[in-house]
$ cat run.txt   # compact mmCIF, C-alpha atoms and all ligand atoms
# COMPACT_ATOMS: atom_id res chain seq x y z
CA MET H 48 29.81 45.07 -46.21
CA SER H 49 26.42 44.96 -44.63
CA PRO H 50 24.91 41.53 -45.06
CA LEU H 51 21.41 42.90 -44.46
CA SER H 52 20.30 41.63 -47.85
CA LEU H 53 20.91 38.04 -46.77
CA ASP H 54 17.68 36.07 -46.87
CA PRO H 55 17.37 32.97 -44.69
CA ILE H 56 19.27 29.95 -45.99
CA ALA H 57 18.75 26.28 -45.06
CA PHE H 58 21.04 23.26 -45.27
CA GLN H 59 19.49 19.84 -45.43
CA THR H 60 21.32 16.52 -45.04
CA PRO H 61 19.83 13.02 -44.61
CA SER H 62 20.17 13.35 -40.83
CA ALA H 63 19.33 17.02 -40.11
CA ALA H 64 18.11 20.35 -41.44
CA ARG H 65 18.93 23.82 -40.14
CA THR H 66 18.12 27.37 -41.20
CA TYR H 67 20.31 30.44 -40.68
CA ARG H 68 18.84 33.90 -40.38
CA TRP H 69 20.44 37.32 -40.24
CA GLU H 70 18.87 39.03 -37.21
CA HIS H 71 18.28 42.76 -36.71
CA ASP H 72 20.92 42.94 -33.98
CA GLY H 73 23.59 41.75 -36.45
CA SER H 74 23.77 38.20 -35.17
CA VAL H 75 23.06 34.99 -37.07
CA SER H 76 20.53 32.59 -35.59
CA GLU H 77 20.17 28.87 -36.29
CA THR H 78 16.90 26.94 -36.08
CA ASP H 79 15.95 23.37 -36.96
CA GLY H 80 14.13 22.67 -40.22
CA VAL H 81 13.87 24.55 -43.52
CA GLU H 82 10.75 26.61 -42.89
CA GLY H 83 10.96 30.17 -44.17
CA ALA H 84 14.24 29.65 -46.00
CA ALA H 85 14.56 31.45 -49.34
CA THR H 86 17.41 29.13 -50.31
CA VAL H 87 17.63 25.42 -49.51
CA VAL H 88 20.91 23.58 -50.03
CA SER H 89 20.82 19.77 -49.96
CA LEU H 90 23.98 17.76 -49.45
CA SER H 91 25.27 14.60 -47.78
CA ASP H 92 26.23 14.50 -44.12
CA GLU H 93 29.85 13.97 -45.17
CA ALA H 94 29.80 17.03 -47.46
CA TRP H 95 28.24 19.12 -44.68
CA ALA H 96 30.95 17.98 -42.25
CA ASP H 97 33.64 18.82 -44.83
CA MET H 98 32.18 22.27 -45.45
CA THR H 99 31.73 23.26 -41.82
CA GLY H 100 35.10 21.70 -40.90
CA GLN H 101 36.86 23.79 -43.61
CA ILE H 102 38.03 20.69 -45.48
CA ARG H 103 36.13 21.28 -48.72
CA THR H 104 34.57 24.60 -49.74
CA PHE H 105 31.12 25.19 -51.13
CA ILE H 106 32.74 25.91 -54.52
CA ASN H 107 34.48 22.51 -54.43
CA LEU H 108 31.18 20.81 -53.55
CA GLN H 109 29.34 22.70 -56.30
CA LEU H 110 31.95 21.71 -58.93
CA SER H 111 31.87 18.12 -57.68
CA GLY H 112 28.10 17.99 -58.16
CA GLU H 113 27.55 17.35 -54.45
CA LEU H 114 25.18 20.28 -53.81
CA THR H 115 21.60 20.78 -54.88
CA ILE H 116 20.22 24.29 -54.47
CA ASP H 117 16.42 24.38 -54.74
CA PRO H 118 14.90 26.85 -54.31
CA GLY H 119 17.56 29.53 -54.68
CA HIS H 120 20.78 30.18 -56.56
CA PHE H 121 24.49 29.63 -56.10
CA ASP H 122 25.07 33.38 -55.54
CA GLN H 123 22.95 33.27 -52.39
CA LEU H 124 25.10 30.50 -50.94
CA ALA H 125 28.21 32.45 -51.93
CA GLN H 126 26.93 35.56 -50.14
CA TRP H 127 26.35 33.54 -47.00
CA ASP H 128 29.73 31.80 -47.03
CA PRO H 129 31.71 34.41 -44.98
CA GLN H 130 29.02 34.41 -42.28
CA LEU H 131 29.06 30.61 -42.17
CA ARG H 132 32.87 30.44 -41.98
CA LEU H 133 32.77 32.91 -39.10
CA LEU H 134 30.08 30.91 -37.36
CA HIS H 135 31.55 27.44 -37.91
CA ALA H 136 35.29 28.09 -37.76
CA ASP H 137 35.70 31.54 -36.21
CA ILE H 138 37.37 32.91 -39.37
CA PRO H 139 36.98 36.73 -39.30
CA ILE H 140 35.43 38.64 -42.19
CA TYR H 141 37.97 41.04 -43.68
CA ASP H 142 37.41 44.72 -42.92
CA PRO H 143 39.87 47.17 -44.52
CA ALA H 144 39.36 49.66 -41.68
CA ALA H 145 40.60 47.09 -39.18
CA VAL H 146 43.94 46.43 -40.92
CA ASP H 147 46.66 48.99 -40.18
CA LEU H 148 49.82 48.46 -42.22
CA SER H 149 51.03 52.07 -42.00
CA ALA H 150 54.22 50.93 -40.27
CA PHE H 151 55.28 49.04 -43.41
CA ASP H 152 56.55 50.19 -46.81
CA LEU H 153 54.46 47.86 -48.97
CA GLU H 154 56.68 48.49 -52.02
CA ARG H 155 59.79 47.37 -50.20
CA VAL H 156 61.97 44.78 -51.93
CA PHE H 157 63.95 42.79 -49.37
CA THR H 158 67.11 40.79 -50.03
CA LEU H 159 68.57 37.62 -48.54
CA ASP H 160 70.92 39.90 -46.55
CA ASP H 161 67.96 40.99 -44.42
CA SER H 162 67.55 39.09 -41.18
CA ASP H 163 64.97 36.36 -40.71
CA ASP H 164 63.37 38.50 -38.00
CA ASP H 165 62.91 41.44 -40.40
CA LEU H 166 61.60 39.20 -43.19
CA ARG H 167 59.23 37.44 -40.81
CA ALA H 168 57.89 40.65 -39.27
CA PHE H 169 56.88 42.02 -42.69
CA PHE H 170 55.54 38.67 -43.92
CA THR H 171 53.49 38.00 -40.80
CA ALA H 172 51.87 41.46 -40.88
CA THR H 173 51.20 41.83 -44.61
CA GLY H 174 50.85 38.20 -45.74
CA PHE H 175 53.35 38.66 -48.55
CA LEU H 176 57.05 39.35 -49.07
CA HIS H 177 59.09 40.40 -52.14
CA VAL H 178 62.73 39.31 -52.01
CA GLY H 179 64.93 40.55 -54.86
CA GLY H 180 67.85 38.82 -56.56
CA VAL H 181 67.46 35.44 -54.85
CA PHE H 182 68.48 33.44 -57.93
CA SER H 183 71.01 34.33 -60.62
CA GLU H 184 70.40 35.00 -64.31
CA ALA H 185 72.13 31.70 -65.17
CA GLU H 186 69.94 29.75 -62.75
CA MET H 187 66.79 31.26 -64.23
CA ALA H 188 68.00 30.58 -67.80
CA ALA H 189 68.53 26.92 -66.91
CA ALA H 190 65.08 26.74 -65.29
CA ASN H 191 63.43 28.37 -68.32
CA ALA H 192 65.07 25.84 -70.63
CA GLU H 193 63.50 23.11 -68.54
CA VAL H 194 60.09 24.78 -68.71
CA ASP H 195 60.51 24.92 -72.51
CA ARG H 196 61.27 21.19 -72.58
CA LEU H 197 58.34 20.23 -70.34
CA SER H 198 56.00 22.52 -72.29
CA VAL H 199 56.79 20.79 -75.58
CA ALA H 200 56.06 17.41 -73.99
CA ALA H 201 52.81 18.54 -72.30
CA LYS H 202 49.42 17.45 -73.65
CA PRO H 203 45.84 18.27 -72.58
CA ASP H 204 44.53 15.57 -70.22
CA ASP H 205 48.05 14.32 -69.37
CA ASN H 206 47.21 15.06 -65.71
CA GLN H 207 50.45 17.04 -65.48
CA SER H 208 49.25 20.37 -66.86
CA TRP H 209 46.44 22.93 -67.04
CA TRP H 210 45.15 24.36 -70.32
CA VAL H 211 42.96 27.26 -71.41
CA THR H 212 41.16 28.09 -74.65
CA ASP H 213 42.51 31.13 -76.49
CA GLU H 214 40.65 33.62 -78.71
CA GLN H 215 41.12 31.34 -81.75
CA ASP H 216 39.67 28.36 -79.84
CA ASN H 217 43.05 26.66 -79.48
CA ALA H 218 43.99 24.79 -76.31
CA VAL H 219 46.99 26.58 -74.80
CA LEU H 220 49.18 25.41 -71.93
CA CYS H 221 48.91 27.64 -68.85
CA ARG H 222 50.39 25.56 -66.02
CA LEU H 223 52.76 22.64 -65.55
CA ILE H 224 52.34 20.63 -62.35
CA TYR H 225 54.46 18.05 -60.53
CA THR H 226 57.40 19.54 -62.45
CA THR H 227 60.17 18.48 -60.09
CA GLN H 228 59.31 14.81 -60.73
CA ARG H 229 60.34 15.36 -64.36
CA SER H 230 63.20 17.84 -64.01
CA ASP H 231 66.32 17.63 -61.86
CA VAL H 232 67.03 21.31 -62.50
CA LEU H 233 63.64 22.37 -61.10
CA ALA H 234 63.96 19.83 -58.27
CA ALA H 235 67.22 21.51 -57.26
CA LEU H 236 65.39 24.87 -57.06
CA GLN H 237 62.68 23.35 -54.87
CA CYS H 238 65.24 21.90 -52.45
CA ASP H 239 67.61 24.86 -52.58
CA PRO H 240 68.55 26.27 -49.14
CA ARG H 241 67.40 29.75 -50.26
CA THR H 242 63.94 28.38 -51.08
CA GLU H 243 63.87 26.39 -47.82
CA ARG H 244 64.85 29.43 -45.79
CA LEU H 245 62.02 31.55 -47.18
CA GLY H 246 59.51 28.68 -47.14
CA THR H 247 60.02 28.02 -43.44
CA LEU H 248 60.00 31.64 -42.23
CA LEU H 249 56.53 31.26 -40.76
CA ASP H 250 57.19 27.89 -39.20
CA ARG H 251 60.30 25.67 -39.25
CA GLN H 252 58.07 22.58 -39.56
CA LEU H 253 56.70 23.49 -42.99
CA ARG H 254 57.79 21.24 -45.88
CA SER H 255 57.35 21.29 -49.63
CA PRO H 256 55.89 18.23 -51.41
CA ALA H 257 56.96 17.03 -54.87
CA ASP H 258 54.31 14.32 -55.19
CA ARG H 259 51.02 15.82 -53.94
CA MET H 260 49.14 19.13 -53.98
CA GLU H 261 50.37 19.44 -57.61
CA GLY H 262 53.95 19.46 -56.34
CA ALA H 263 56.01 22.37 -57.66
CA SER H 264 54.02 23.99 -60.47
CA VAL H 265 54.95 26.53 -63.12
CA LEU H 266 52.37 29.14 -64.07
CA ILE H 267 52.61 30.38 -67.67
CA LYS H 268 50.51 33.45 -68.44
CA VAL H 269 48.73 33.21 -71.79
CA PRO H 270 48.06 36.52 -73.59
CA GLY H 271 44.67 37.69 -74.74
CA ARG H 272 41.18 36.93 -73.61
CA THR H 273 41.26 33.28 -72.63
CA ARG H 274 38.55 30.96 -71.37
CA GLY H 275 39.45 28.85 -68.36
CA LEU H 276 41.79 29.53 -65.47
CA SER H 277 44.86 31.30 -66.77
CA ASN H 278 43.73 34.72 -65.62
CA ILE H 279 42.76 33.71 -62.14
CA PRO H 280 40.15 35.86 -60.39
CA TRP H 281 40.54 36.91 -56.77
CA HIS H 282 41.01 33.81 -54.64
CA GLN H 283 42.72 32.16 -51.70
CA ASP H 284 44.81 29.06 -52.32
CA CYS H 285 42.49 27.13 -49.98
CA GLY H 286 39.56 28.21 -52.19
CA MET H 287 38.84 24.59 -53.13
CA GLY H 288 39.43 23.29 -49.61
CA GLY H 289 42.01 22.25 -47.08
CA HIS H 290 41.91 25.43 -45.00
CA ALA H 291 41.78 23.47 -41.74
CA ILE H 292 44.78 21.41 -42.82
CA ILE H 293 47.07 23.79 -44.70
CA CYS H 294 46.48 27.33 -43.44
CA PRO H 295 48.54 29.20 -42.73
CA SER H 296 51.19 27.89 -45.07
CA THR H 297 53.55 29.61 -47.48
CA ALA H 298 53.48 29.81 -51.27
CA ILE H 299 56.85 30.66 -52.78
CA GLY H 300 56.77 32.19 -56.27
CA ILE H 301 60.15 31.98 -58.01
CA GLN H 302 60.03 34.58 -60.79
CA LEU H 303 61.60 32.71 -63.69
CA ASN H 304 61.33 35.67 -66.10
CA GLY H 305 60.08 38.53 -63.94
CA SER H 306 56.64 40.10 -64.13
CA SER H 307 54.85 43.29 -65.15
CA PRO H 308 51.33 44.30 -66.20
CA ASP H 309 52.30 43.32 -69.77
CA THR H 310 53.20 39.76 -68.80
CA GLY H 311 50.40 39.31 -66.26
CA HIS H 312 51.64 40.15 -62.78
CA LEU H 313 50.36 39.15 -59.37
CA ARG H 314 47.92 41.38 -57.49
CA LEU H 315 47.11 40.98 -53.81
CA VAL H 316 45.31 42.52 -50.85
CA PRO H 317 47.94 43.14 -48.13
CA GLY H 318 46.83 42.09 -44.67
CA SER H 319 43.89 39.96 -45.86
CA HIS H 320 45.35 36.58 -44.81
CA GLY H 321 43.54 34.53 -42.17
CA GLN H 322 40.24 36.20 -43.07
CA THR H 323 37.40 35.82 -45.55
CA LEU H 324 36.63 38.45 -48.15
CA PRO H 325 32.96 38.62 -49.13
CA TYR H 326 31.96 37.15 -52.49
CA LEU H 327 32.39 39.79 -55.23
CA TRP H 328 33.98 42.08 -52.63
CA GLU H 329 35.25 44.44 -55.33
CA ARG H 330 31.64 45.63 -55.74
CA GLN H 331 30.83 45.86 -52.05
CA LEU H 332 33.87 47.09 -50.12
CA HIS H 333 35.55 50.48 -50.27
CA GLY H 334 39.10 51.30 -49.27
CA VAL H 335 40.58 47.87 -49.91
CA PRO H 336 44.30 48.27 -50.67
CA VAL H 337 45.33 46.37 -53.81
CA LEU H 338 49.00 45.95 -54.59
CA ALA H 339 50.47 44.87 -57.94
CA VAL H 340 53.82 43.11 -57.61
CA ASN H 341 56.30 43.71 -60.45
CA THR H 342 59.45 41.63 -60.36
CA GLU H 343 62.79 40.90 -62.01
CA PRO H 344 63.95 37.42 -63.06
CA GLY H 345 65.36 35.64 -60.01
CA ASP H 346 63.17 37.49 -57.50
CA VAL H 347 60.96 35.53 -55.12
CA VAL H 348 57.49 36.60 -53.98
CA LEU H 349 56.00 34.78 -51.00
CA HIS H 350 52.40 34.88 -49.93
CA VAL H 351 50.47 33.23 -47.15
CA THR H 352 48.18 30.66 -48.79
CA ASP H 353 44.95 32.31 -47.70
CA LEU H 354 45.97 35.86 -48.63
CA MET H 355 43.49 37.22 -51.20
CA HIS H 356 45.29 37.42 -54.57
CA ALA H 357 44.68 37.38 -58.32
CA SER H 358 46.47 36.97 -61.62
CA PRO H 359 44.82 39.35 -64.11
CA GLU H 360 44.82 39.27 -67.90
CA PRO H 361 48.17 40.48 -69.31
CA THR H 362 47.92 43.94 -70.84
CA ALA H 363 50.31 42.93 -73.64
CA GLY H 364 52.09 39.75 -74.71
CA GLY H 365 51.78 37.77 -71.46
CA GLY H 366 54.32 35.06 -70.80
CA ARG H 367 55.05 35.44 -67.09
CA ARG H 368 56.51 32.25 -65.76
CA THR H 369 56.40 31.68 -62.03
CA MET H 370 57.48 28.48 -60.32
CA TYR H 371 55.32 27.90 -57.24
CA VAL H 372 56.81 25.90 -54.40
CA ASP H 373 54.36 25.61 -51.51
CA PHE H 374 55.39 24.78 -47.96
CA TYR H 375 52.77 22.97 -45.84
CA PRO H 376 52.43 21.72 -42.25
CA PRO H 377 53.33 18.04 -41.62
CA ALA H 378 49.61 17.18 -41.12
CA LEU H 379 49.16 17.54 -44.88
CA TRP H 380 50.98 14.26 -45.47
CA ASP H 381 48.46 12.42 -43.23
CA ARG H 382 45.44 13.81 -45.07
CA VAL H 383 46.45 14.13 -48.74
CA GLY H 384 47.98 11.17 -50.55
CA PRO H 385 50.45 11.02 -53.46
CA GLY H 386 48.95 12.49 -56.63
CA GLU H 387 46.10 14.14 -54.71
CA ALA H 388 45.28 17.84 -54.45
CA PHE H 389 42.30 19.96 -53.50
CA ASN H 390 42.65 21.51 -56.98
CA ASP H 391 41.97 18.14 -58.66
CA VAL H 392 38.31 19.05 -58.91
CA VAL H 393 39.23 22.14 -60.94
CA ARG H 394 41.79 20.82 -63.40
CA SER H 395 39.29 19.15 -65.68
CA ARG H 396 36.65 21.81 -65.10
CA THR H 397 38.57 25.06 -65.42
CA GLN H 398 35.90 26.77 -67.48
CA GLU H 399 33.14 25.85 -65.02
CA ALA H 400 35.34 27.01 -62.12
CA ALA H 401 36.12 30.31 -63.86
CA ALA H 402 32.41 30.88 -64.50
CA LEU H 403 31.61 30.47 -60.80
CA ARG H 404 34.04 33.23 -59.88
CA THR H 405 33.18 35.62 -62.70
CA PRO H 406 30.87 38.46 -61.68
CA ALA H 407 27.60 38.44 -63.59
CA PRO H 408 27.46 41.27 -66.16
FE FE K 501 46.79 31.38 -55.92

$ encode --input "run.txt" --output "structure tokens"
Amino acid sequence: MSPLSLDPIAFQTPSAARTYRWEHDGSVSETDGVEGAATVVSLSDEAWADMTGQIRTFINLQLSGELTIDPGHFDQLAQWDPQLRLLHADIPIYDPAAVDLSAFDLERVFTLDDSDDDLRAFFTATGFLHVGGVFSEAEMAAANAEVDRLSVAAKPDDNQSWWVTDEQDNAVLCRLIYTTQRSDVLAALQCDPRTERLGTLLDRQLRSPADRMEGASVLIKVPGRTRGLSNIPWHQDCGMGGHAIICPSTAIGIQLNGSSPDTGHLRLVPGSHGQTLPYLWERQLHGVPVLAVNTEPGDVVLHVTDLMHASPEPTAGGGRRTMYVDFYPPALWDRVGPGEAFNDVVRSRTQEAAALRTPAP
């Protein structure tokens, strides 16, 4: 993408103001003050430090009501975000031409009989990994019975679940969180040596929390055109914040009942981890590989937390159930307390969050 359309943007805190400009030679310059800026963003010094330090994202700050944009619009800040992340944290901007995955069969389904070295080589290069037949039919049946039980007990605003609004204006459950605190069966899956093996492929130090970062969650895909965050647009799992603390870490998706287009499968951009994709990149970039991952019950799909991925609207009856067990670096436990998650800002504002990520018509 050429960012030539970027007009100057300024950030103003109580202690400083600076303006960024896209220069003709392709560089970004920074000057003091707000003069000449088409967009002026006002925020606290703490929010500015969080944003530039990759602790909280501009979307998190917007949803939290901690940004004022005047003059200008949110889209202009969103367009600038990749340039700012490059400038402040050296995070590259994704370029499909620069990612060569021709040595890998992206449709390959590994098994637990493959060596750690082979699994790691694929995972490190592509940012995802599909491992077939990790859990048995009986294990998945037991897990699904637990999801049924927890679903019946779930209520909107119980702080243990996410809900969307369906086409008939009913609130419908779309995610259970902190599940292993309420289910020994699901807790056993989280602590299972097979899960641990895959979750620590990137780094032996990674661990999976039960009591923070929403613990082990279960995604339940709702059919039809919903409002809220069941059909999740393209995102990175650090999209609300925490990149400096958690990335790269590993998200493990245990496929409780498999997945297909009908049930709402996972889509991802192989090789996009560790980089930023421009806002609304689908409209601006050509040649981006997009892979849909179809699975059987008992399969496991791993992805690096900051790999670009999405969960589109099911083409038929929906119902995919995926248990997510995320493995994080030890530093997470120093920075995020029990019951806390970067997603907390979204849970009660799913419709506002969805609107921020939805391309304007
Ligand atoms: Fe995600």

$ atom_distance --input "run.txt" --atom1 "atom CA of H:Val269" --atom2 "atom CA of H:Phe374"
26.1 Å

$ residues_near_ligand --input "run.txt" --ligand "ligand FE 501 (chain K)" --cutoff "12 Å" --atoms "all atoms listed in the file" --output "JSON, numbers by chain"
{"H": [264, 265, 266, 276, 277, 278, 279, 280, 281, 282, 283, 284, 285, 286, 287, 297, 298, 299, 300, 313, 314, 315, 349, 350, 351, 352, 353, 354, 355, 356, 357, 358, 359, 369, 370, 371, 372, 373, 390]}

$ closest_residue --input "run.txt" --among "H:Thr342, H:Thr247, H:Asn206, H:Gln228" --to "H:Gly180" --atoms "only C-alpha atoms"
H:Thr342

$ residues_around --input "run.txt" --residues "H:Glu184" --least-positions-apart "3" --cutoff "10 Å" --atoms "only C-alpha atoms" --output "PyMOL selection string"
chain H and resi 180-181+187-190+303-304+343-345

$ residues_around --input "run.txt" --residues "stretch 162-166 of chain H" --least-positions-apart "6" --cutoff "12 Å" --atoms "only C-alpha atoms" --output "list in words"
Phe151, Arg155, Val156, Ala172, Thr173, Gly174, Phe175, Leu176, His177, Val178, Arg241, Arg244, Leu245, Gly246, Thr247, Leu248, Leu249, Asp250, Arg251, Val348 and Leu349 of chain H

$ atom_distance --input "run.txt" --atom1 "atom CA of H:Val383" --atom2 "atom CA of H:Met260"
7.7 Å

$ atom_distance --input "run.txt" --atom1 "atom CA of H:Pro143" --atom2 "atom CA of H:His312"
22.8 Å
